[in-house]
file model_23.csv (CSV, C-alpha atoms)
chain,number,residue,atom,x,y,z
A,233,MET,CA,8.9,9.7,38.2
A,234,PRO,CA,5.1,9.3,37.6
A,235,ASP,CA,4.3,6.3,35.4
A,236,GLY,CA,1.7,8.2,33.5
A,237,LYS,CA,4.4,10.3,31.8
A,238,LEU,CA,6.8,7.6,30.7
A,239,HIS,CA,7.3,9.2,27.3
A,240,GLU,CA,8.8,12.3,28.8
A,241,THR,CA,11.7,10.5,30.4
A,242,SER,CA,12.3,7.9,27.7
A,243,THR,CA,12.9,9.1,24.2
A,244,ASN,CA,13.0,5.7,22.5
A,245,PHE,CA,10.6,3.0,21.6
A,246,ILE,CA,11.6,-0.7,21.4
A,247,LEU,CA,10.5,-2.7,18.3
A,248,LEU,CA,10.2,-6.3,19.2
A,249,GLY,CA,10.6,-7.3,15.5
A,250,LEU,CA,9.2,-9.9,13.2
A,251,PHE,CA,11.7,-12.8,13.4
A,252,PRO,CA,12.8,-14.7,16.5
A,253,PRO,CA,16.6,-14.7,17.2
A,254,THR,CA,16.9,-18.4,16.1
A,255,SER,CA,18.0,-20.3,13.1
A,256,LEU,CA,14.5,-20.3,11.8
A,257,GLY,CA,14.3,-16.5,12.2
A,258,LEU,CA,17.6,-16.2,10.3
A,259,PHE,CA,16.3,-18.4,7.5
A,260,LEU,CA,13.1,-16.3,7.2
A,261,PHE,CA,15.1,-13.1,7.3
A,262,THR,CA,17.2,-14.4,4.4
A,263,LEU,CA,14.0,-14.7,2.4
A,264,THR,CA,13.1,-11.1,3.1
A,265,ILE,CA,16.2,-9.5,1.6
A,266,PRO,CA,15.8,-10.9,-2.0
A,267,ALA,CA,12.1,-10.0,-1.7
A,268,PHE,CA,13.0,-6.4,-0.8
A,269,MET,CA,15.5,-6.1,-3.6
A,270,MET,CA,13.0,-7.5,-6.1
A,271,ALA,CA,10.3,-5.1,-4.9
A,272,LEU,CA,12.8,-2.2,-5.1
A,273,ALA,CA,14.0,-3.1,-8.6
A,274,SER,CA,10.6,-3.9,-10.1
A,275,ASN,CA,8.8,-0.9,-8.8
A,276,VAL,CA,11.6,1.5,-9.8
A,277,CYS,CA,11.5,-0.2,-13.3
A,278,MET,CA,7.8,0.2,-13.5
A,279,VAL,CA,7.9,3.9,-12.7
A,280,LEU,CA,10.8,4.6,-15.1
A,281,LEU,CA,9.2,2.5,-17.9
A,282,ILE,CA,5.9,4.5,-17.7
A,283,LEU,CA,8.0,7.7,-17.6
A,284,LEU,CA,10.2,6.8,-20.6
A,285,ASP,CA,7.8,5.1,-23.0
A,286,ALA,CA,5.5,7.6,-24.7
A,287,GLN,CA,2.9,4.9,-25.5
A,288,LEU,CA,2.3,4.4,-21.8
A,289,HIS,CA,1.5,8.1,-21.2
A,290,MET,CA,-2.1,7.4,-20.5
A,291,PRO,CA,-4.3,7.8,-17.4
A,292,MET,CA,-4.3,4.1,-16.6
A,293,TYR,CA,-0.5,3.9,-16.5
A,294,PHE,CA,-0.1,7.2,-14.8
A,295,LEU,CA,-2.2,5.8,-12.0
A,296,LEU,CA,-0.2,2.6,-12.1
A,297,SER,CA,3.0,4.6,-11.7
A,298,GLN,CA,1.5,6.1,-8.5
A,299,LEU,CA,0.7,2.6,-7.2
A,300,SER,CA,4.3,1.5,-7.8
A,301,LEU,CA,5.5,4.7,-6.1
A,302,VAL,CA,3.3,3.8,-3.0
A,303,ASP,CA,4.7,0.3,-3.0
A,304,LEU,CA,8.3,1.5,-3.3
A,305,ILE,CA,8.1,4.0,-0.5
A,306,SER,CA,6.1,1.6,1.7
A,307,ILE,CA,8.7,-1.2,1.6
A,308,CYS,CA,11.5,1.3,2.1
A,309,THR,CA,9.7,2.7,5.2
A,310,THR,CA,9.6,-0.6,7.0
A,311,VAL,CA,12.1,-3.3,5.8
A,312,PRO,CA,15.5,-1.5,6.1
A,313,ASN,CA,14.8,-0.6,9.7
A,314,MET,CA,13.5,-4.1,10.5
A,315,SER,CA,16.6,-5.6,8.8
A,316,SER,CA,19.0,-3.4,10.8
A,317,ASP,CA,17.2,-4.3,14.0
A,318,PHE,CA,17.5,-8.0,13.3
A,319,LEU,CA,21.2,-8.0,12.1
A,320,PHE,CA,22.6,-5.7,14.7
A,321,GLY,CA,20.3,-6.4,17.6
A,322,ASN,CA,19.5,-2.7,18.1
A,323,LYS,CA,15.7,-2.7,18.5
A,324,SER,CA,15.5,0.9,19.7
A,325,ILE,CA,13.9,3.6,17.6
A,326,SER,CA,13.8,7.2,18.6
A,327,PHE,CA,10.5,8.9,19.4
A,328,ILE,CA,10.9,11.2,16.3
A,329,GLY,CA,12.0,8.3,14.1
A,330,CYS,CA,8.9,6.3,15.2
A,331,GLY,CA,6.7,9.3,14.4
A,332,VAL,CA,8.2,9.7,10.9
A,333,GLN,CA,7.7,6.0,10.2
A,334,CYS,CA,4.0,6.3,11.5
A,335,PHE,CA,3.4,9.3,9.3
A,336,PHE,CA,4.8,7.8,6.1
A,337,PHE,CA,3.2,4.4,6.5
A,338,ALA,CA,-0.2,5.8,7.4
A,339,THR,CA,0.0,8.3,4.4
A,340,LEU,CA,0.7,5.5,2.0
A,341,ALA,CA,-1.9,3.2,3.4
A,342,CYS,CA,-4.6,5.9,3.2
A,343,SER,CA,-3.6,7.0,-0.3
A,344,GLU,CA,-3.6,3.6,-1.9
A,345,GLY,CA,-7.3,3.0,-1.5
A,346,PRO,CA,-8.3,6.2,-3.5
A,347,ILE,CA,-5.7,5.4,-6.1
A,348,LEU,CA,-7.1,1.9,-6.6
A,349,MET,CA,-10.6,3.4,-6.7
A,350,SER,CA,-9.4,5.8,-9.5
A,351,MET,CA,-7.9,2.8,-11.4
A,352,ALA,CA,-11.2,1.0,-11.2
A,353,TYR,CA,-13.1,4.1,-12.4
A,354,ASP,CA,-10.6,4.4,-15.3
A,355,ARG,CA,-11.4,0.9,-16.4
A,356,TYR,CA,-15.1,1.4,-15.9
A,357,VAL,CA,-15.1,4.5,-18.2
A,358,ALA,CA,-12.7,2.9,-20.8
A,359,ILE,CA,-14.8,-0.3,-21.2
A,360,CYS,CA,-18.4,1.0,-20.6
A,361,PHE,CA,-18.1,4.5,-22.1
A,362,PRO,CA,-15.1,4.4,-24.5
A,363,LEU,CA,-16.2,7.5,-26.4
A,364,HIS,CA,-16.4,9.5,-23.2
A,365,TYR,CA,-13.0,8.4,-22.0
A,366,PRO,CA,-10.8,11.3,-23.3
A,367,ILE,CA,-13.2,13.7,-21.6
A,368,CYS,CA,-13.7,11.9,-18.2
A,369,MET,CA,-10.1,10.8,-17.8
A,370,ASN,CA,-8.1,13.8,-19.1
A,371,ARG,CA,-4.6,14.7,-17.8
A,372,ARG,CA,-5.8,17.6,-15.6
A,373,GLY,CA,-8.4,15.4,-13.9
A,374,CYS,CA,-5.9,12.6,-13.3
A,375,VAL,CA,-3.4,15.0,-11.7
A,376,LEU,CA,-6.1,16.4,-9.4
A,377,VAL,CA,-7.2,12.9,-8.4
A,378,ILE,CA,-3.6,11.9,-7.5
A,379,LEU,CA,-2.8,15.1,-5.7
A,380,GLY,CA,-6.1,14.7,-3.8
A,381,SER,CA,-5.3,11.1,-2.8
A,382,TRP,CA,-1.9,12.0,-1.5
A,383,ALA,CA,-3.1,15.1,0.3
A,384,MET,CA,-6.0,13.4,2.0
A,385,GLY,CA,-3.7,10.6,3.1
A,386,ALA,CA,-1.1,13.0,4.4
A,387,VAL,CA,-3.6,15.1,6.4
A,388,ASN,CA,-5.3,12.0,7.9
A,389,SER,CA,-1.9,10.5,8.7
A,390,CYS,CA,-0.6,13.7,10.3
A,391,ALA,CA,-3.6,13.9,12.7
A,392,HIS,CA,-3.1,10.3,13.8
A,393,THR,CA,0.6,10.6,14.2
A,394,VAL,CA,0.4,13.8,16.3
A,395,TYR,CA,-2.1,12.1,18.6
A,396,VAL,CA,-0.2,8.9,19.0
A,397,LEU,CA,3.0,10.8,19.9
A,398,HIS,CA,1.2,12.9,22.5
A,399,ILE,CA,-0.6,10.2,24.5
A,400,PRO,CA,1.1,9.1,27.8
A,401,TYR,CA,2.7,5.7,27.8
A,402,CYS,CA,2.7,4.0,31.2
A,403,ARG,CA,2.9,0.2,30.5
A,404,SER,CA,6.0,-0.1,28.3
A,405,MET,CA,7.8,1.4,25.4
A,406,ALA,CA,8.1,-2.0,23.7
A,407,ILE,CA,6.0,-2.2,20.5
A,408,ASN,CA,5.1,-5.8,19.6
A,409,HIS,CA,5.6,-5.2,15.9
A,410,PHE,CA,8.4,-4.7,13.4
A,411,PHE,CA,7.5,-1.1,12.6
A,412,CYS,CA,5.7,1.7,14.4
A,413,ASP,CA,2.1,0.7,13.7
A,414,ILE,CA,-0.4,3.0,15.3
A,415,PRO,CA,-2.8,0.3,16.6
A,416,ALA,CA,0.2,-1.5,18.2
A,417,MET,CA,1.3,1.7,19.9
A,418,VAL,CA,-2.1,2.6,21.2
A,419,THR,CA,-2.2,-0.7,23.2
A,420,LEU,CA,0.6,0.7,25.3
A,421,ALA,CA,-1.1,3.9,26.2
A,422,CYS,CA,-2.4,4.9,29.7
A,423,GLY,CA,-6.1,5.4,30.2
A,424,ASP,CA,-9.0,4.7,28.0
A,425,THR,CA,-8.4,5.2,24.3
A,426,TRP,CA,-11.8,4.1,23.0
A,427,VAL,CA,-12.6,7.5,21.5
A,428,TYR,CA,-9.4,7.5,19.5
A,429,GLU,CA,-10.0,3.9,18.4
A,430,TYR,CA,-13.4,5.0,17.0
A,431,THR,CA,-11.6,7.7,15.0
A,432,VAL,CA,-9.2,5.0,13.6
A,433,PHE,CA,-12.3,3.0,12.7
A,434,LEU,CA,-13.8,6.0,11.0
A,435,SER,CA,-10.7,6.6,9.0
A,436,THR,CA,-10.7,3.0,7.9
A,437,ILE,CA,-14.3,3.4,6.7
A,438,ILE,CA,-13.4,6.5,4.7
A,439,PHE,CA,-10.1,5.3,3.2
A,440,LEU,CA,-10.8,1.6,2.9
A,441,LEU,CA,-14.5,0.8,2.9
A,442,PHE,CA,-15.8,3.6,0.7
A,443,PRO,CA,-13.2,3.1,-2.0
A,444,PHE,CA,-13.9,-0.6,-1.8
A,445,MET,CA,-17.6,-0.1,-2.5
A,446,ALA,CA,-16.8,2.1,-5.5
A,447,ILE,CA,-14.3,-0.5,-6.8
A,448,VAL,CA,-16.9,-3.3,-6.4
A,449,GLY,CA,-19.6,-1.2,-8.2
A,450,SER,CA,-17.2,-0.2,-11.0
A,451,TYR,CA,-16.1,-3.8,-11.7
A,452,GLY,CA,-19.6,-5.2,-11.4
A,453,LYS,CA,-20.6,-3.0,-14.3
A,454,VAL,CA,-17.3,-3.7,-16.1
A,455,LEU,CA,-17.7,-7.5,-15.8
A,456,LEU,CA,-21.3,-7.1,-17.1
A,457,ALA,CA,-20.1,-5.1,-20.1
A,458,VAL,CA,-17.3,-7.6,-20.8
A,459,TYR,CA,-19.8,-10.5,-20.7
A,460,CYS,CA,-21.9,-8.6,-23.4
A,461,MET,CA,-19.0,-7.9,-25.7
A,462,HIS,CA,-19.2,-9.5,-29.2
A,463,SER,CA,-15.4,-9.1,-29.9
A,464,ARG,CA,-13.5,-12.1,-28.5
A,465,GLU,CA,-10.2,-10.1,-28.6
A,466,GLY,CA,-11.8,-7.1,-26.8
A,467,ARG,CA,-13.2,-9.4,-24.2
A,468,LYS,CA,-9.9,-11.1,-23.7
A,469,LYS,CA,-8.0,-7.8,-23.3
A,470,ALA,CA,-10.5,-6.3,-20.9
A,471,SER,CA,-10.6,-9.5,-18.8
A,472,SER,CA,-6.8,-9.6,-18.6
A,473,THR,CA,-6.6,-6.0,-17.4
A,474,CYS,CA,-9.4,-6.3,-14.9
A,475,SER,CA,-8.2,-9.6,-13.5
A,476,ALA,CA,-4.8,-8.0,-12.8
A,477,HIS,CA,-6.4,-5.1,-11.0
A,478,LEU,CA,-8.8,-7.3,-9.0
A,479,THR,CA,-5.9,-9.4,-7.8
A,480,VAL,CA,-4.0,-6.3,-6.6
A,481,VAL,CA,-7.2,-5.0,-4.9
A,482,THR,CA,-7.6,-8.3,-3.1
A,483,LEU,CA,-4.0,-8.3,-1.9
A,484,TYR,CA,-4.4,-4.8,-0.5
A,485,TYR,CA,-7.8,-5.1,1.1
A,486,VAL,CA,-7.8,-8.6,2.8
A,487,PRO,CA,-5.0,-7.9,5.3
A,488,PHE,CA,-6.1,-4.4,6.0
A,489,VAL,CA,-9.7,-5.5,6.8
A,490,PHE,CA,-8.4,-8.1,9.3
A,491,THR,CA,-6.0,-5.6,10.9
A,492,TYR,CA,-8.1,-2.4,11.1
A,493,LEU,CA,-11.8,-3.4,10.9
A,494,LEU,CA,-11.9,-6.4,13.2
A,495,PRO,CA,-11.8,-6.0,17.1
A,496,LYS,CA,-8.3,-6.0,18.6
A,497,PHE,CA,-9.0,-9.2,20.5
A,498,PHE,CA,-9.7,-11.1,17.3
A,499,LEU,CA,-6.0,-11.3,16.3
A,500,SER,CA,-2.9,-12.1,18.4
A,501,PRO,CA,0.2,-9.8,18.0
A,502,ALA,CA,1.9,-12.7,16.0
A,503,GLU,CA,-1.1,-12.9,13.6
A,504,ASP,CA,-1.1,-9.2,13.3
A,505,LYS,CA,2.5,-9.1,12.3
A,506,ALA,CA,2.0,-12.0,9.8
A,507,LEU,CA,-0.8,-10.0,8.1
A,508,ALA,CA,1.4,-7.0,8.1
A,509,VAL,CA,4.0,-8.9,6.0
A,510,PHE,CA,1.4,-9.1,3.2
A,511,TYR,CA,0.9,-5.4,2.8
A,512,THR,CA,4.4,-4.3,3.7
A,513,ILE,CA,6.5,-6.9,1.8
A,514,LEU,CA,4.5,-9.3,-0.4
A,515,THR,CA,2.2,-6.7,-2.0
A,516,PRO,CA,5.1,-4.4,-3.2
A,517,VAL,CA,6.8,-7.5,-4.7
A,518,LEU,CA,3.7,-9.0,-6.4
A,519,ASN,CA,2.0,-5.8,-7.8
A,520,PRO,CA,4.5,-5.0,-10.6
A,521,VAL,CA,4.8,-8.7,-11.4
A,522,ILE,CA,1.0,-9.0,-11.8
A,523,TYR,CA,0.7,-5.9,-13.9
A,524,SER,CA,3.6,-6.7,-16.2
A,525,LEU,CA,2.8,-10.4,-16.8
A,526,LYS,CA,-0.9,-9.8,-17.5
A,527,ASN,CA,-0.4,-6.6,-19.6
A,528,LYS,CA,0.8,-6.9,-23.1
A,529,GLU,CA,1.3,-3.1,-23.4
A,530,VAL,CA,3.7,-3.1,-20.5
A,531,LEU,CA,5.7,-6.0,-21.9
A,532,ASP,CA,5.8,-4.3,-25.3
A,533,ALA,CA,7.0,-1.1,-23.7
A,534,LEU,CA,9.7,-3.0,-21.8
A,535,ARG,CA,10.9,-4.5,-25.0
A,536,ARG,CA,10.9,-1.1,-26.8
A,537,VAL,CA,12.8,0.6,-24.0
A,538,ALA,CA,15.3,-2.3,-23.8
A,539,GLU,CA,15.9,-2.1,-27.6
A,540,LYS,CA,16.3,1.7,-27.4
A,541,PHE,CA,18.8,1.4,-24.6
A,542,HIS,CA,20.7,-1.4,-26.3
A,543,SER,CA,21.0,0.7,-29.5
A,544,THR,CA,22.3,3.7,-27.7
A,545,THR,CA,25.0,1.7,-26.0
A,546,MET,CA,26.2,0.0,-29.2

call {"tool": "encode", "arguments": {"input": "model_23.csv", "output": "structure tokens"}}
result
Amino acid sequence: MPDGKLHETSTNFILLGLFPPTSLGLFLFTLTIPAFMMALASNVCMVLLILLDAQLHMPMYFLLSQLSLVDLISICTTVPNMSSDFLFGNKSISFIGCGVQCFFFATLACSEGPILMSMAYDRYVAICFPLHYPICMNRRGCVLVILGSWAMGAVNSCAHTVYVLHIPYCRSMAINHFFCDIPAMVTLACGDTWVYEYTVFLSTIIFLLFPFMAIVGSYGKVLLAVYCMHSREGRKKASSTCSAHLTVVTLYYVPFVFTYLLPKFFLSPAEDKALAVFYTILTPVLNPVIYSLKNKEVLDALRRVAEKFHSTTM
């Protein structure tokens, strides 16, 4: 068979995985499972809490629920398959399964930037123009922003997924990663893929860099407004909310910048996988913790829902 059409004769990819088959690998894997369970429980709780507590039915918390939903789907897209591969030694993933994983992961990665940008704009309007807040951040506008974020992410992801599943693979079907990451798959392709790599770079600019610039601009003005506040309580509340969001933004952007904006030769496959752990496992674990510990309204809502649930079970 011609080497240039390897993907026509082989229907499976091989994921080389994250952990080595050693005692150290087993120890690291045992840390992953409680992290996964914690991310699953905390993000589900955050979504349900915002849904059940009427006092959290505000634009900021609606956007936060979408961020938790992104984190929830993201960790469920990568970790269960990675765990199964490690436990049972079956590193094979079907061509279609790999495409599905590519699509969901890319959709989530592309949607999160606009969602974080919308959260930054929400805080900007709330702190700098509080009287205009009900007009600028109304329910219809929030729904349109969220639908637009998901739709743009899905369309962009679909284009990349279709391309990566149609390129010929002639080197190997072994992906040096623990999930079907598009840049890792492109390295296995036959021929020159520089044109496609430029489209990946362009997508990164649109879905990462532009939202980042908007976030920096929004928080620059927010921090200036907070500094000028006369109310100590108002300054403390605004600072707490903004610091939580800025921490989440940092956790999201730093690994993605290293992975998708830097040249391929800058990172080894092992370093690339280590960075991927941040945005596939650690970020979904830390985001709900950061927002709940630094937000009095979320803690109060958790207390109200817990009391309500306790009273109904008595």

call {"tool": "atom_distance", "arguments": {"input": "model_23.csv", "atom1": "atom CA of Asp285 of chain A", "atom2": "atom CA of Val530 of chain A"}}
result
9.5 Å

call {"tool": "closest_residue", "arguments": {"input": "model_23.csv", "among": "A:Leu250, A:Cys342, A:Ala267, A:Ile359", "to": "Asn388 of chain A", "atoms": "only C-alpha atoms"}}
result
A:Cys342

call {"tool": "closest_atom_pairs", "arguments": {"input": "model_23.csv", "of": "segment 286-378 of chain A", "to": "segment 437-451 of chain A", "cutoff": "10 Å", "atoms": "only C-alpha atoms", "output": "JSON lines"}}
result
{"residue": "A:Ala341", "atom": "CA", "partner": "A:Phe439", "partner_atom": "CA", "distance": 8.5}
{"residue": "A:Cys342", "atom": "CA", "partner": "A:Phe439", "partner_atom": "CA", "distance": 5.5}
{"residue": "A:Ser343", "atom": "CA", "partner": "A:Phe439", "partner_atom": "CA", "distance": 7.6}
{"residue": "A:Glu344", "atom": "CA", "partner": "A:Phe439", "partner_atom": "CA", "distance": 8.4}
{"residue": "A:Gly345", "atom": "CA", "partner": "A:Leu440", "partner_atom": "CA", "distance": 5.8}
{"residue": "A:Pro346", "atom": "CA", "partner": "A:Pro443", "partner_atom": "CA", "distance": 6.0}
{"residue": "A:Ile347", "atom": "CA", "partner": "A:Pro443", "partner_atom": "CA", "distance": 8.9}
{"residue": "A:Leu348", "atom": "CA", "partner": "A:Ile447", "partner_atom": "CA", "distance": 7.6}
{"residue": "A:Met349", "atom": "CA", "partner": "A:Ile447", "partner_atom": "CA", "distance": 5.4}
{"residue": "A:Ser350", "atom": "CA", "partner": "A:Ile447", "partner_atom": "CA", "distance": 8.4}
{"residue": "A:Met351", "atom": "CA", "partner": "A:Ile447", "partner_atom": "CA", "distance": 8.5}
{"residue": "A:Ala352", "atom": "CA", "partner": "A:Ile447", "partner_atom": "CA", "distance": 5.6}
{"residue": "A:Tyr353", "atom": "CA", "partner": "A:Ser450", "partner_atom": "CA", "distance": 6.1}
{"residue": "A:Asp354", "atom": "CA", "partner": "A:Ser450", "partner_atom": "CA", "distance": 9.1}
{"residue": "A:Arg355", "atom": "CA", "partner": "A:Ser450", "partner_atom": "CA", "distance": 8.0}
{"residue": "A:Tyr356", "atom": "CA", "partner": "A:Ser450", "partner_atom": "CA", "distance": 5.6}
{"residue": "A:Val357", "atom": "CA", "partner": "A:Ser450", "partner_atom": "CA", "distance": 8.9}
{"residue": "A:Cys360", "atom": "CA", "partner": "A:Ser450", "partner_atom": "CA", "distance": 9.7}

call {"tool": "atom_distance", "arguments": {"input": "model_23.csv", "atom1": "atom CA of Phe245 of chain A", "atom2": "atom CA of Ile325 of chain A"}}
result
5.2 Å

call {"tool": "closest_residue", "arguments": {"input": "model_23.csv", "among": "A:Val311, A:Met461, A:Val387, A:Leu420", "to": "Val509 of chain A", "atoms": "all atoms listed in the file"}}
result
A:Val311

call {"tool": "closest_residue", "arguments": {"input": "model_23.csv", "among": "A:Gly249, A:Gly385, A:Pro501, A:Gly373", "to": "Lys323 of chain A", "atoms": "only C-alpha atoms"}}
result
A:Gly249

call {"tool": "residues_around", "arguments": {"input": "model_23.csv", "residues": "Asn519 of chain A", "least_positions_apart": "2", "cutoff": "10 Å", "atoms": "all atoms listed in the file", "output": "list of chain:residue names"}}
result
A:Ala271, A:Ser274, A:Asn275, A:Leu296, A:Leu299, A:Ser300, A:Asp303, A:Ala476, A:His477, A:Thr479, A:Val480, A:Val481, A:Leu483, A:Tyr484, A:Leu514, A:Thr515, A:Pro516, A:Val517, A:Val521, A:Ile522, A:Tyr523, A:Ser524

call {"tool": "atom_distance", "arguments": {"input": "model_23.csv", "atom1": "atom CA of Cys390 of chain A", "atom2": "atom CA of Cys374 of chain A"}}
result
24.2 Å
